[in-house]
Amino acid sequence: MAAGSGGVGRWRTVAPLLLVVFQLVGAASAAALPVVINTWAFRKAAETAWRVLQLGGSELDAVERGCGQCEIDQCDGSVGYGGSPDESGETTLDAMIMDGNTMEVGAVADLRHVKNAIGVARKVIEYTKHTLLVGDSASLFAVRMGFPYEDLTTQKSLLVYSKWLNQSCQPNYWKNVVPDSSKSCGPYKRPEKVTCKEEQTISQRSVHNHDTIGMVVIGGSGTVASGTSTNGAVHKIPGRVGDSPIAGAGSYADSTAGGAAATGDGDIMMRFLPRFWKKMTTKVIFLPLRMFWKCN
């Protein structure tokens with residue numbers, strides 16, 4: 001992709017990490033497959049997914065197990081239980097998984113008390129005609145599917161929450177409310193006289209401050225699957241859902257074109273990235289080398 005093409009610079013401003021992989025075509029591609037690729041330096045997740053493929057598992061199996069490994073490992077505190085407490089101190093999970101052959105998607109958002117979010121998302125594909133389940137109802141579904149009901153809070157997440165409270169709840173995601181959300185904690189409410197201030201939102205993401213594992217798996221036959229798992233933005237307003245569990249925003253898979261996954265400021269990315277996936281049909285490759293991991 002040319003450096004000056006179609007607003008690429010704008011995408012980089014809202015997404016500190018953007019991972020895109022497109023399926024190769026022709027004889028040369030066969031030698032390059034299978035491929036496992038994921039965001040950030042979550043090597044154990046990639047190795048787990050690769051091992052599933054080597055043992056004869058499907059691409060969906062590999063994505064589920066790979067992302068699930070990060071949920072177990074609590075990758076960088078941004079995936080799985082015990083991380084990113086919301087402004088009430090609770091950890092909630094979002095995940096999605098997509099089959100690039102059938103275009104089926106399973107997703108959960110604002111999932112409570114269940115650790116294996118990507119596993120629950122897979123069950124949405126297998127046992128329902130829906131795409132996305134949310135909140136307490138998603139947790140109830142998970143329990144019906146045999147997942148244990150557990151506490152997602154840890155001493156570490158409680159410490160993060162306590163420190164945030166002691167810093168007057170800074171930073172937070174409120175605006176145009178009283179009391180002034182930039183100076184104190186809530187509860188907040190709408191002012192009697194609404195004066196909306198235009199605020200500039202600056203993403204504070206870094207290698208130690210992000211909120212997703214995104215994974216794409218391309219099997220030996222060219223079948224593509226993708227998935228994401230996250231505990232979302234730290235100190236988020238309860239009920240907030242970002243880009244990760246949204247097909248075409250968090251990740252996308254199409255075995256006739258390729259797969260993609262992204263991570264960054266989800267509230268901004270989900271407003272724009274669905275347009276980006278349309279470029280998949282060009283079958284080009286845009287792969288920063290530091291994001292690429294292939295086991296062999």
# chains A, B, ... in the order shown; residues from 1 in each chain; ligands from 1
$ select_by_dssp --residues "range 129-199 of chain A" --states "strand (DSSP E or B)" --output "list in words"
Leu132, Leu133, Val134, Val178 and Lys189 of chain A
$ closest_atom_pairs --of "range 47-136 of chain A" --to "range 254-270 of chain A" --cutoff "9 Å" --atoms "only C-alpha atoms" --output "tab-separated table"
residue	atom	partner	partner_atom	distance
A:Met98	CA	A:Asp254	CA	8.7
A:Asp99	CA	A:Asp254	CA	7.5
A:Gly100	CA	A:Asp254	CA	4.0
A:Asn101	CA	A:Ser255	CA	5.5
A:Thr102	CA	A:Asp254	CA	8.5
A:Met103	CA	A:Asp254	CA	6.8
$ atom_distance --atom1 "CA of Tyr127 in chain A" --atom2 "CA of Arg144 in chain A"
10.9 Å
$ residues_around --residues "Asn38 in chain A" --least-positions-apart "2" --cutoff "7 Å" --atoms "only C-alpha atoms" --output "list in words"
Val36, Trp40, Ala46, Ile213, Gly214, Met215 and Val216 of chain A
$ atom_distance --atom1 "CA of Gly232 in chain A" --atom2 "CA of Gly146 in chain A"
24.2 Å
$ residues_around --residues "range 70-87 of chain A" --least-positions-apart "5" --cutoff "6 Å" --atoms "only C-alpha atoms" --output "PyMOL selection string"
chain A and resi 45+115+152-154+157+211+230-231+234-237
$ atom_distance --atom1 "CA of Leu93 in chain A" --atom2 "CA of Ser229 in chain A"
7.4 Å
$ residues_around --residues "Lys44 in chain A" --least-positions-apart "4" --cutoff "8 Å" --atoms "only C-alpha atoms" --output "tab-separated table (two decimals) with all heavy atoms, in the first residue's frame"
chain	number	residue	atom	x	y	z
A	48	THR	N	0.32	-21.48	20.96
A	48	THR	CA	-0.83	-22.34	21.29
A	48	THR	C	-1.70	-22.57	20.07
A	48	THR	O	-2.11	-23.70	19.78
A	48	THR	CB	-1.66	-21.71	22.43
A	48	THR	OG1	-0.85	-21.60	23.60
A	48	THR	CG2	-2.89	-22.56	22.73
A	66	GLY	N	-5.91	-19.95	20.96
A	66	GLY	CA	-4.87	-18.93	21.03
A	66	GLY	C	-5.29	-17.74	21.86
A	66	GLY	O	-4.58	-17.29	22.77
A	69	GLN	N	-5.63	-18.63	25.45
A	69	GLN	CA	-4.37	-18.67	26.19
A	69	GLN	C	-4.07	-17.31	26.81
A	69	GLN	O	-3.60	-17.22	27.95
A	69	GLN	CB	-3.23	-19.09	25.26
A	69	GLN	CG	-1.91	-19.29	25.97
A	69	GLN	CD	-1.95	-20.45	26.95
A	69	GLN	OE1	-2.29	-21.58	26.58
A	69	GLN	NE2	-1.60	-20.20	28.21
A	70	CYS	N	-4.35	-16.25	26.04
A	70	CYS	CA	-4.14	-14.90	26.58
A	70	CYS	C	-5.10	-14.61	27.73
A	70	CYS	O	-4.75	-13.90	28.67
A	70	CYS	CB	-4.31	-13.86	25.47
A	70	CYS	SG	-2.76	-13.06	24.99
$ residues_around --residues "Ser181 in chain A" --least-positions-apart "4" --cutoff "9 Å" --atoms "only C-alpha atoms" --output "PDB file with C-alpha atoms, in the first residue's frame"
ATOM      1  CA  SER A 168     -10.171  11.891  42.015  1.00  0.00           C
ATOM      2  CA  CYS A 169     -11.214   9.342  39.394  1.00  0.00           C
ATOM      3  CA  GLN A 170      -8.749  10.607  36.808  1.00  0.00           C
ATOM      4  CA  PRO A 171      -8.769   9.882  33.937  1.00  0.00           C
ATOM      5  CA  ASN A 172     -12.359   9.015  33.067  1.00  0.00           C
ATOM      6  CA  TYR A 173     -14.678   9.005  30.072  1.00  0.00           C
ATOM      7  CA  TRP A 174     -17.298  11.592  31.052  1.00  0.00           C
ATOM      8  CA  LYS A 175     -17.828  15.036  29.547  1.00  0.00           C
ATOM      9  CA  ASN A 176     -20.292  17.921  29.842  1.00  0.00           C
ATOM     10  CA  VAL A 177     -21.527  16.772  33.272  1.00  0.00           C
ATOM     11  CA  CYS A 185     -15.467  11.645  41.001  1.00  0.00           C
ATOM     12  CA  GLY A 186     -19.174  11.208  40.362  1.00  0.00           C
ATOM     13  CA  TYR A 188     -22.311  12.628  37.482  1.00  0.00           C
TER      14      TYR A 188
END
$ residues_around --residues "Arg240 in chain A" --least-positions-apart "6" --cutoff "9 Å" --atoms "only C-alpha atoms" --output "PyMOL selection string"
chain A and resi 109-110+232-233
$ closest_residue --among "A:Gly89, A:Gly68, A:Gly227, A:Gly248" --to "Val160 in chain A" --atoms "only C-alpha atoms"
A:Gly89
